[in-house]
file target12.txt (compact mmCIF, C-alpha atoms)
# COMPACT_ATOMS: atom_id res chain seq x y z
CA MET W 1 100.36 89.90 90.44
CA ILE W 2 101.52 93.49 90.86
CA ASP W 3 99.96 95.95 88.39
CA HIS W 4 102.42 98.83 88.52
CA ALA W 5 100.38 100.98 86.11
CA ARG W 6 97.31 100.68 88.31
CA ASP W 7 99.39 101.49 91.37
CA LEU W 8 100.80 104.57 89.66
CA ALA W 9 97.25 105.79 89.08
CA ALA W 10 96.51 105.20 92.77
CA VAL W 11 99.63 107.18 93.72
CA HIS W 12 98.46 110.10 91.61
CA ALA W 13 94.98 110.06 93.17
CA ALA W 14 96.42 109.86 96.70
CA THR W 15 98.82 112.70 95.96
CA GLU W 16 96.01 114.92 94.72
CA ARG W 17 94.02 114.20 97.90
CA LEU W 18 97.00 115.13 100.04
CA LEU W 19 97.79 118.30 98.08
CA THR W 20 94.17 119.45 98.26
CA ALA W 21 94.10 118.93 102.01
CA ALA W 22 97.53 120.48 102.62
CA GLY W 23 96.52 123.47 100.53
CA THR W 24 94.07 124.49 103.25
CA LEU W 25 96.91 125.08 105.71
CA ASP W 26 98.86 128.29 106.21
CA ASN W 27 102.48 128.89 107.17
CA ALA W 28 101.71 128.82 110.90
CA SER W 29 99.75 125.56 110.81
CA ALA W 30 102.38 123.94 108.60
CA ALA W 31 104.94 124.63 111.31
CA VAL W 32 103.06 122.86 114.12
CA PRO W 33 104.00 119.31 115.21
CA SER W 34 102.77 116.45 113.06
CA ARG W 35 101.81 113.07 114.50
CA LEU W 36 105.38 111.85 113.96
CA PRO W 37 107.59 112.52 116.98
CA GLY W 38 110.04 115.36 116.36
CA TRP W 39 108.58 116.32 112.98
CA THR W 40 106.42 119.29 112.07
CA ARG W 41 103.97 119.12 109.20
CA GLY W 42 106.67 120.86 107.21
CA HIS W 43 109.01 117.95 107.88
CA VAL W 44 106.37 115.52 106.58
CA LEU W 45 105.85 117.53 103.38
CA ALA W 46 109.60 117.90 102.85
CA HIS W 47 110.07 114.15 103.32
CA LEU W 48 107.34 113.37 100.79
CA ALA W 49 109.05 115.54 98.18
CA ARG W 50 112.51 114.15 98.80
CA ASN W 51 111.16 110.58 98.87
CA ALA W 52 109.66 111.05 95.41
CA ASP W 53 113.04 112.18 94.10
CA ALA W 54 114.72 109.29 95.91
CA LEU W 55 112.42 106.81 94.18
CA VAL W 56 113.29 108.41 90.84
CA ASN W 57 116.88 107.54 91.71
CA VAL W 58 115.83 103.96 92.43
CA LEU W 59 113.99 103.59 89.13
CA GLU W 60 116.92 105.07 87.22
CA GLY W 61 119.53 102.85 88.87
CA ARG W 62 121.16 105.34 91.25
CA PRO W 63 121.46 105.08 95.04
CA MET W 64 118.18 106.04 96.70
CA TYR W 65 119.93 108.61 98.92
CA ALA W 66 123.55 109.74 98.92
CA SER W 67 123.62 108.79 102.61
CA ALA W 68 121.35 108.63 105.64
CA GLU W 69 122.90 111.87 106.84
CA THR W 70 122.15 113.61 103.54
CA ARG W 71 118.55 112.39 103.62
CA ASP W 72 118.02 113.75 107.13
CA ALA W 73 119.79 117.02 106.38
CA ASP W 74 117.67 117.62 103.28
CA ILE W 75 114.47 117.15 105.26
CA GLU W 76 115.66 119.52 108.00
CA ARG W 77 116.69 122.08 105.38
CA ASP W 78 113.34 121.98 103.59
CA ALA W 79 110.97 121.68 106.55
CA PRO W 80 110.72 125.43 107.44
CA ARG W 81 109.89 126.64 103.94
CA PRO W 82 106.69 128.61 103.26
CA LEU W 83 103.67 126.42 102.59
CA THR W 84 103.37 127.50 98.96
CA VAL W 85 106.94 126.34 98.35
CA GLN W 86 106.24 123.04 100.10
CA ILE W 87 103.11 122.37 98.04
CA THR W 88 104.90 123.20 94.80
CA ASP W 89 107.80 120.92 95.72
CA VAL W 90 105.53 117.99 96.58
CA ARG W 91 103.64 118.42 93.31
CA GLU W 92 106.72 118.86 91.11
CA SER W 93 108.61 115.97 92.70
CA ALA W 94 105.50 113.78 92.27
CA ASP W 95 105.47 114.76 88.59
CA ARG W 96 109.15 113.79 88.27
CA PHE W 97 108.33 110.40 89.77
CA ARG W 98 105.45 109.91 87.33
CA ARG W 99 107.68 110.76 84.37
CA ALA W 100 110.41 108.38 85.53
CA ALA W 101 107.84 105.62 85.99
CA ALA W 102 106.39 106.26 82.53
CA ALA W 103 109.71 105.53 80.81
CA PRO W 104 109.94 102.14 79.07
CA ALA W 105 111.52 99.71 81.51
CA ASP W 106 111.78 96.12 82.65
CA TRP W 107 109.44 96.16 85.64
CA SER W 108 110.57 92.69 86.69
CA ARG W 109 114.12 93.90 87.38
CA THR W 110 115.53 94.10 90.91
CA VAL W 111 116.13 97.56 92.36
CA GLU W 112 117.89 98.64 95.54
CA LEU W 113 116.28 100.85 98.16
CA ARG W 114 117.66 102.05 101.51
CA ASN W 115 119.91 100.02 103.78
CA GLY W 116 120.54 97.33 101.16
CA VAL W 117 116.85 96.43 100.83
CA THR W 118 115.98 95.12 97.37
CA ASP W 119 112.65 94.65 95.61
CA THR W 120 111.26 94.32 92.12
CA ALA W 121 110.75 97.58 90.25
CA SER W 122 107.04 96.80 89.93
CA ARG W 123 106.63 97.21 93.70
CA VAL W 124 108.09 100.73 93.79
CA PRO W 125 104.77 102.43 92.90
CA PHE W 126 103.05 100.66 95.79
CA ARG W 127 105.83 101.74 98.13
CA ARG W 128 105.26 105.33 97.04
CA TRP W 129 101.51 104.90 97.51
CA ALA W 130 102.17 103.83 101.10
CA GLU W 131 104.34 106.89 101.70
CA VAL W 132 101.63 109.24 100.48
CA GLU W 133 98.72 107.58 102.28
CA LEU W 134 100.38 107.12 105.67
CA HIS W 135 102.05 110.52 105.72
CA HIS W 136 98.73 112.14 104.82
CA VAL W 137 97.45 110.63 108.06
CA ASP W 138 100.61 111.82 109.86
CA LEU W 139 99.85 115.43 108.93
CA GLY W 140 96.90 115.34 111.33
CA ILE W 141 94.63 117.45 109.16
CA GLY W 142 91.49 115.31 109.05
CA TYR W 143 92.58 112.27 107.04
CA GLU W 144 92.54 109.18 109.27
CA LEU W 145 93.45 105.54 108.92
CA GLU W 146 89.74 104.81 108.54
CA ASP W 147 89.82 106.94 105.37
CA LEU W 148 92.44 104.80 103.64
CA PRO W 149 91.18 103.09 100.48
CA ALA W 150 90.10 99.53 101.27
CA GLU W 151 92.45 98.03 98.69
CA PHE W 152 95.38 99.94 100.10
CA ALA W 153 94.61 98.93 103.69
CA GLU W 154 94.44 95.26 102.70
CA ARG W 155 97.67 95.35 100.69
CA GLU W 156 99.55 97.39 103.28
CA THR W 157 98.55 94.89 105.98
CA ALA W 158 99.90 92.07 103.80
CA PHE W 159 103.06 94.06 103.01
CA LEU W 160 103.83 94.84 106.66
CA ALA W 161 102.94 91.32 107.82
CA ALA W 162 105.46 89.99 105.30
CA ARG W 163 108.04 92.47 106.58
CA PHE W 164 107.91 90.94 110.06
CA SER W 165 107.55 87.38 108.78
CA GLY W 166 110.34 85.11 109.98
CA ASN W 167 111.47 87.54 112.67
CA PRO W 168 112.46 85.37 115.65
CA ASP W 169 111.58 88.17 118.10
CA VAL W 170 107.94 88.31 116.99
CA PRO W 171 105.65 85.43 118.05
CA ALA W 172 104.03 83.45 115.26
CA THR W 173 100.91 85.52 114.82
CA ARG W 174 97.71 85.27 112.81
CA LEU W 175 96.22 88.62 111.84
CA THR W 176 92.59 88.95 110.81
CA ASP W 177 90.09 91.69 110.08
CA GLY W 178 87.25 89.18 110.31
CA THR W 179 87.24 88.51 106.58
CA ARG W 180 90.87 88.06 105.57
CA ALA W 181 93.85 86.64 107.42
CA TRP W 182 97.62 87.03 107.28
CA SER W 183 100.55 85.44 109.09
CA THR W 184 103.60 87.12 110.56
CA GLY W 185 106.36 86.54 113.07
CA ARG W 186 108.62 83.56 113.56
CA GLU W 187 108.01 80.28 111.82
CA ALA W 188 105.77 77.82 113.63
CA ALA W 189 103.40 75.00 112.79
CA GLU W 190 100.54 76.89 114.44
CA PRO W 191 100.13 80.55 115.38
CA GLU W 192 100.94 81.37 118.98
CA ARG W 193 98.62 84.36 118.98
CA THR W 194 95.74 85.71 116.96
CA VAL W 195 95.30 89.46 116.59
CA SER W 196 91.91 90.69 115.37
CA GLY W 197 90.66 94.16 114.52
CA THR W 198 89.48 96.58 111.89
CA PRO W 199 91.62 97.20 108.81
CA ALA W 200 92.46 100.66 110.15
CA ASP W 201 93.57 99.35 113.53
CA LEU W 202 95.63 96.54 112.00
CA VAL W 203 97.43 98.92 109.63
CA GLY W 204 97.86 101.45 112.42
CA TRP W 205 99.52 98.93 114.69
CA LEU W 206 101.71 97.32 112.04
CA ALA W 207 102.82 100.73 110.73
CA GLY W 208 103.56 102.12 114.19
CA ARG W 209 100.72 104.66 114.03
CA ARG W 210 98.57 103.14 116.78
CA PRO W 211 99.46 101.25 119.97
CA GLY W 212 97.09 98.38 119.19
CA THR W 213 94.89 98.88 122.23
CA ALA W 214 91.76 98.54 120.07
CA LEU W 215 92.86 95.12 118.81
CA THR W 216 91.70 91.82 120.29
CA VAL W 217 94.44 89.32 121.13
CA ALA W 218 94.02 85.58 121.77
CA GLY W 219 96.84 83.41 123.11
CA GLY W 220 98.78 86.04 125.01
CA GLU W 221 99.70 89.69 124.94
CA LEU W 222 99.88 91.84 121.82
CA PRO W 223 103.26 91.14 120.23
CA SER W 224 105.90 93.85 120.40
CA LEU W 225 106.97 94.81 116.90
CA PRO W 226 110.44 96.07 115.95
CA PRO W 227 110.64 99.54 114.41
CA LEU W 228 110.13 99.80 110.68
call {"tool": "encode", "arguments": {"input": "target12.txt", "output": "structure tokens"}}
result
Amino acid sequence: MIDHARDLAAVHAATERLLTAAGTLDNASAAVPSRLPGWTRGHVLAHLARNADALVNVLEGRPMYASAETRDADIERDAPRPLTVQITDVRESADRFRRAAAAPADWSRTVELRNGVTDTASRVPFRRWAEVELHHVDLGIGYELEDLPAEFAERETAFLAARFSGNPDVPATRLTDGTRAWSTGREAAEPERTVSGTPADLVGWLAGRRPGTALTVAGGELPSLPPL
């Protein structure tokens, strides 16, 4: 069962870790490329701020973004700002998200995200947690997939496995970190392939952050995953 209050606390802790780390940068290092193709570290910080505001919209029943074009334009507009402005924006937008999430609400209600995707309101805090954790890694400033909290890595693996579940273009696949197991891909009586690896390597592959070369595959080649 989703505990949105506990997830909100995890979001706050992850945000503080990111802000502390990003605070060691300067304007020049914030302008260098991040690990995301085509984005500087400034783009990543701008996206994190605008995503927090977008999730406030979701919780309050408004469209997440006015349009895909507006979302992209806002990130491009905000990416070159001085680091102090970026840090303040990430912190203040995170505070706005916390306030919106603290308002009395029916957490079982259905909310709409981007591209017509729907979910229960109680899952929104976890979605924000994923944004903060993975984009902290994307900044390339010393926080790696191996540093992700164990609970987050397990839940994000389950979340992403479910995202690809039923996809006819992905072979029926069993994922395992040696202790836990998940299923993804098209429906089948038995898995066609088994992919094994560390929690960090599984999350990295499923989230498009690693090519999966460190994973062990039985039953064929490593499945090709569609973009998130």
call {"tool": "atom_distance", "arguments": {"input": "target12.txt", "atom1": "atom CA of W:Phe126", "atom2": "atom CA of W:His47"}}
result
17.0 Å
call {"tool": "residues_around", "arguments": {"input": "target12.txt", "residues": "W:Leu225", "least_positions_apart": "2", "cutoff": "8 Å", "atoms": "only C-alpha atoms", "output": "list in words"}}
result
Phe164, Val170, Leu206, Pro223 and Pro227 of chain W
call {"tool": "closest_residue", "arguments": {"input": "target12.txt", "among": "W:Asp53, W:Glu190, W:Asp177, W:Asp119", "to": "W:Arg99", "atoms": "only C-alpha atoms"}}
result
W:Asp53
call {"tool": "closest_atom_pairs", "arguments": {"input": "target12.txt", "of": "stretch 200-228 of chain W", "to": "stretch 131-138 of chain W", "cutoff": "10 Å", "atoms": "only C-alpha atoms", "output": "CSV"}}
result
residue,atom,partner,partner_atom,distance
W:Val203,CA,W:Leu134,CA,9.6
W:Gly204,CA,W:Leu134,CA,9.2
W:Ala207,CA,W:Leu134,CA,8.5
W:Arg209,CA,W:Asp138,CA,8.3
call {"tool": "atom_distance", "arguments": {"input": "target12.txt", "atom1": "atom CA of W:Ser183", "atom2": "atom CA of W:Ser165"}}
result
7.3 Å
call {"tool": "atom_distance", "arguments": {"input": "target12.txt", "atom1": "atom CA of W:Ile75", "atom2": "atom CA of W:Ala46"}}
result
5.5 Å
call {"tool": "closest_residue", "arguments": {"input": "target12.txt", "among": "W:Ala68, W:Ala22, W:Ala10, W:Ala94", "to": "W:Asn51", "atoms": "only C-alpha atoms"}}
result
W:Ala94
